[in-house]
Amino acid sequence: MKILAINGSYRRGGIMDQAVEAAAAAARAGGAEVETVLLTEKRVEFCTNCRACTQAPGGERGACPIADDMSGILDAAEAAGGLILAAPVNCFNVSAVYRRFMERGTPYAYWPWGAAAPAFRIKAGGKKAVLITSSAMPSFFGRLFTGALRALKLTATTLGAKVAGTLFIGLSSLEEKPRLAARDRRLAEALGRKLL
């Protein structure tokens with residue numbers, strides 16, 4: 001089984017990297033092949049909202065006119081049987097680099113000119129996704145007062161995945177170089193096993 005992890009964190013070696021790697025390691029231990037995409041190392045341009053990708057009917061992803069790394073990332077997501085979607089909370093939502101990636105999921109919408117609203121091209125449920133985020137605030141408040149999990153869930157739905165589990169890591173900025181708590185590591189590993 002192939003699993004794609006998409007990590008929208010800016011800090012290498014930080015809480016998000018550690019949590020994503022814990023989930024990936026558990027999936028590898030169960031026999032999965034895991035590829036990790038670090039969005040900060042990819043060229044993903046801003047969506048211009050031209051909607052060219054939304055015009056053709058059908059269940060296939062629309063063609064985006066922007067030539068960057070996004071098409072390759074989406075190809076890998078389509079080929080994967082499971083997804084790990086991860087981004088920390090910045091300003092009460094996912095990081096800007098993850099948001100840029102998320103907005104470029106527009107080719108999975110069918111929205112011809114004149115239609116009142118878009119429709120998803122892919123029905124969720126063909127694959128599983130697990131969602132991981134972290135925040136300086138306690139996880140209870142982070143789940144209530146940030147849009148991070150909602151944004152990650154929308155990405156999963158856009159990519160045709162059903163959410164199999166979530167992890168919200170709170171109080172993640174108490175140290176300059178934080179270490180993932182043992183409890184959060186166990187929860188991340190359990191998420192990785194849920195994808196198998």
# chains A, B, ... in the order shown; residues from 1 in each chain; ligands from 1

call {"tool": "closest_atom_pairs", "arguments": {"of": "range 94-118 of chain A", "to": "range 6-12 of chain A", "cutoff": "9 Å", "atoms": "only C-alpha atoms", "output": "CSV"}}
result
residue,atom,partner,partner_atom,distance
A:Val94,CA,A:Gly8,CA,8.0
A:Ser95,CA,A:Gly8,CA,6.5
A:Ala96,CA,A:Gly8,CA,8.3
A:Val97,CA,A:Gly8,CA,6.1
A:Tyr98,CA,A:Gly8,CA,4.7
A:Arg99,CA,A:Gly8,CA,8.5
A:Phe101,CA,A:Gly8,CA,8.6

call {"tool": "residues_around", "arguments": {"residues": "Cys53 in chain A", "least_positions_apart": "6", "cutoff": "10 Å", "atoms": "only C-alpha atoms", "output": "short mmCIF file (atom, residue, chain, number, x, y, z; two decimals) with C-alpha atoms, in the first residue's frame"}}
result
data_model
loop_
_atom_site.label_atom_id
_atom_site.label_comp_id
_atom_site.auth_asym_id
_atom_site.auth_seq_id
_atom_site.Cartn_x
_atom_site.Cartn_y
_atom_site.Cartn_z
CA ARG A 61 -9.10 16.19 -12.20
CA GLY A 62 -9.29 19.35 -14.28
CA ALA A 63 -6.18 20.72 -16.01
CA CYS A 64 -4.55 23.65 -14.20
CA PRO A 65 -2.68 26.09 -16.47
CA GLY A 105 -7.12 21.53 -5.10
CA THR A 106 -9.64 23.45 -7.22
CA PRO A 107 -9.19 21.07 -10.22
CA TYR A 108 -11.18 18.51 -8.21
CA ALA A 109 -14.26 20.73 -8.50
CA TYR A 110 -16.68 20.88 -11.40
CA TRP A 111 -17.94 24.47 -11.56
CA PRO A 112 -18.86 25.61 -15.03
#

call {"tool": "select_by_dssp", "arguments": {"residues": "range 65-134 of chain A", "states": "strand (DSSP E or B)", "output": "JSON, numbers by chain"}}
result
{"A": [82, 83, 84, 85, 86, 89, 90, 93, 94, 109, 110, 119, 120, 127, 128, 129, 130, 131, 132, 133, 134]}

call {"tool": "write_last_selection", "arguments": {"atoms": "C-alpha atoms", "output": "compact mmCIF listing (two decimals), in the first residue's frame"}}
result
# COMPACT_ATOMS: atom_id res chain seq x y z
CA GLY A 82 -3.95 6.60 2.18
CA LEU A 83 -3.04 10.16 3.13
CA ILE A 84 -1.44 11.86 6.11
CA LEU A 85 -2.40 15.53 5.97
CA ALA A 86 -0.55 17.75 8.41
CA VAL A 89 -1.96 26.29 13.41
CA ASN A 90 -0.76 29.77 12.47
CA ASN A 93 -5.83 28.22 10.89
CA VAL A 94 -3.40 26.07 8.88
CA ALA A 109 -14.26 20.73 -8.50
CA TYR A 110 -16.68 20.88 -11.40
CA ALA A 119 -19.52 19.98 -7.06
CA PHE A 120 -16.75 17.60 -5.98
CA LYS A 127 -9.17 6.05 0.45
CA LYS A 128 -8.48 6.98 4.07
CA ALA A 129 -6.83 10.10 5.45
CA VAL A 130 -5.54 10.98 8.89
CA LEU A 131 -5.20 14.60 9.98
CA ILE A 132 -2.51 16.04 12.24
CA THR A 133 -2.19 19.60 13.53
CA SER A 134 -0.59 21.41 16.46

call {"tool": "residues_around", "arguments": {"residues": "Phe168 in chain A", "least_positions_apart": "4", "cutoff": "12 Å", "atoms": "only C-alpha atoms", "output": "PyMOL selection string"}}
result
chain A and resi 15-16+19+86-89+130-144+146-150+152+172+183-185+187-188+191

call {"tool": "closest_residue", "arguments": {"among": "A:Gly81, A:Met70, A:Cys91, A:Leu38", "to": "Val20 in chain A", "atoms": "only C-alpha atoms"}}
result
A:Leu38

call {"tool": "residues_around", "arguments": {"residues": "Leu196 in chain A", "least_positions_apart": "2", "cutoff": "9 Å", "atoms": "only C-alpha atoms", "output": "list in words"}}
result
Met1, Ala27, Gly30, Gly31, Ala32, Gly81, Gly82, Lys128, Gly192, Arg193 and Lys194 of chain A

call {"tool": "residues_around", "arguments": {"residues": "range 42-50 of chain A", "least_positions_apart": "3", "cutoff": "6 Å", "atoms": "only C-alpha atoms", "output": "list in words"}}
result
Leu39, Asp68, Asp69, Met70, Arg100 and Arg104 of chain A

call {"tool": "write_last_selection", "arguments": {"atoms": "N, CA and C atoms", "output": "PDB file, in the first residue's frame"}}
result
ATOM      1  N   LEU A  39       5.934  20.705   1.918  1.00  0.00           N
ATOM      2  CA  LEU A  39       5.444  21.764   1.041  1.00  0.00           C
ATOM      3  C   LEU A  39       6.403  22.942   0.937  1.00  0.00           C
ATOM      4  N   ASP A  68       3.945  24.143 -12.207  1.00  0.00           N
ATOM      5  CA  ASP A  68       4.782  24.096 -11.010  1.00  0.00           C
ATOM      6  C   ASP A  68       4.775  22.663 -10.492  1.00  0.00           C
ATOM      7  N   ASP A  69       5.048  22.458  -9.195  1.00  0.00           N
ATOM      8  CA  ASP A  69       5.131  21.105  -8.640  1.00  0.00           C
ATOM      9  C   ASP A  69       3.779  20.514  -8.235  1.00  0.00           C
ATOM     10  N   MET A  70       2.727  21.295  -8.329  1.00  0.00           N
ATOM     11  CA  MET A  70       1.431  20.852  -7.817  1.00  0.00           C
ATOM     12  C   MET A  70       0.895  19.619  -8.531  1.00  0.00           C
ATOM     13  N   ARG A 100      -2.006  27.512   0.638  1.00  0.00           N
ATOM     14  CA  ARG A 100      -1.733  27.666  -0.797  1.00  0.00           C
ATOM     15  C   ARG A 100      -1.946  26.328  -1.508  1.00  0.00           C
ATOM     16  N   ARG A 104      -5.084  25.059  -4.262  1.00  0.00           N
ATOM     17  CA  ARG A 104      -4.781  24.504  -5.575  1.00  0.00           C
ATOM     18  C   ARG A 104      -5.471  23.160  -5.817  1.00  0.00           C
TER      19      ARG A 104
END

call {"tool": "closest_residue", "arguments": {"among": "A:Val163, A:Gly14, A:Pro57, A:Lys2", "to": "Lys177 in chain A", "atoms": "only C-alpha atoms"}}
result
A:Gly14

call {"tool": "decode", "arguments": {"residues": "range 131-172 of chain A", "atoms": "C-alpha atoms", "output": "PDB file, in the first residue's frame"}}
result
ATOM      1  CA  LEU A 131      -5.205  14.605   9.975  1.00  0.00           C
ATOM      2  CA  ILE A 132      -2.511  16.040  12.235  1.00  0.00           C
ATOM      3  CA  THR A 133      -2.189  19.596  13.530  1.00  0.00           C
ATOM      4  CA  SER A 134      -0.593  21.407  16.458  1.00  0.00           C
ATOM      5  CA  SER A 135      -0.991  24.693  18.270  1.00  0.00           C
ATOM      6  CA  ALA A 136       0.425  26.789  21.084  1.00  0.00           C
ATOM      7  CA  MET A 137      -2.980  26.669  22.786  1.00  0.00           C
ATOM      8  CA  PRO A 138      -4.281  23.587  24.591  1.00  0.00           C
ATOM      9  CA  SER A 139      -5.720  21.046  22.154  1.00  0.00           C
ATOM     10  CA  PHE A 140      -9.253  21.362  23.583  1.00  0.00           C
ATOM     11  CA  PHE A 141      -9.329  25.079  22.756  1.00  0.00           C
ATOM     12  CA  GLY A 142      -7.532  24.546  19.471  1.00  0.00           C
ATOM     13  CA  ARG A 143     -10.238  22.171  18.286  1.00  0.00           C
ATOM     14  CA  LEU A 144     -12.904  24.741  19.216  1.00  0.00           C
ATOM     15  CA  PHE A 145     -11.327  28.020  18.140  1.00  0.00           C
ATOM     16  CA  THR A 146      -9.215  27.276  15.078  1.00  0.00           C
ATOM     17  CA  GLY A 147     -10.132  26.223  11.565  1.00  0.00           C
ATOM     18  CA  ALA A 148      -7.172  23.865  11.160  1.00  0.00           C
ATOM     19  CA  LEU A 149      -8.979  20.531  11.387  1.00  0.00           C
ATOM     20  CA  ARG A 150     -11.780  21.820   9.171  1.00  0.00           C
ATOM     21  CA  ALA A 151      -9.230  22.893   6.530  1.00  0.00           C
ATOM     22  CA  LEU A 152      -7.438  19.533   6.686  1.00  0.00           C
ATOM     23  CA  LYS A 153     -10.774  17.700   6.429  1.00  0.00           C
ATOM     24  CA  LEU A 154     -11.762  19.760   3.389  1.00  0.00           C
ATOM     25  CA  THR A 155      -8.475  18.782   1.730  1.00  0.00           C
ATOM     26  CA  ALA A 156      -9.177  15.105   2.453  1.00  0.00           C
ATOM     27  CA  THR A 157     -12.678  15.385   0.986  1.00  0.00           C
ATOM     28  CA  THR A 158     -11.340  17.202  -2.073  1.00  0.00           C
ATOM     29  CA  LEU A 159      -8.866  14.366  -2.668  1.00  0.00           C
ATOM     30  CA  GLY A 160     -11.610  11.740  -2.304  1.00  0.00           C
ATOM     31  CA  ALA A 161     -10.536  10.490   1.120  1.00  0.00           C
ATOM     32  CA  LYS A 162     -12.599   9.679   4.192  1.00  0.00           C
ATOM     33  CA  VAL A 163     -11.135  10.873   7.503  1.00  0.00           C
ATOM     34  CA  ALA A 164     -10.074   7.880   9.612  1.00  0.00           C
ATOM     35  CA  GLY A 165      -8.736   9.864  12.570  1.00  0.00           C
ATOM     36  CA  THR A 166      -7.382  13.177  13.828  1.00  0.00           C
ATOM     37  CA  LEU A 167      -4.664  14.343  16.192  1.00  0.00           C
ATOM     38  CA  PHE A 168      -4.552  17.866  17.628  1.00  0.00           C
ATOM     39  CA  ILE A 169      -1.331  18.439  19.572  1.00  0.00           C
ATOM     40  CA  GLY A 170      -1.686  21.293  22.041  1.00  0.00           C
ATOM     41  CA  LEU A 171       0.845  23.425  23.930  1.00  0.00           C
ATOM     42  CA  SER A 172       3.410  22.750  21.219  1.00  0.00           C
TER      43      SER A 172
END
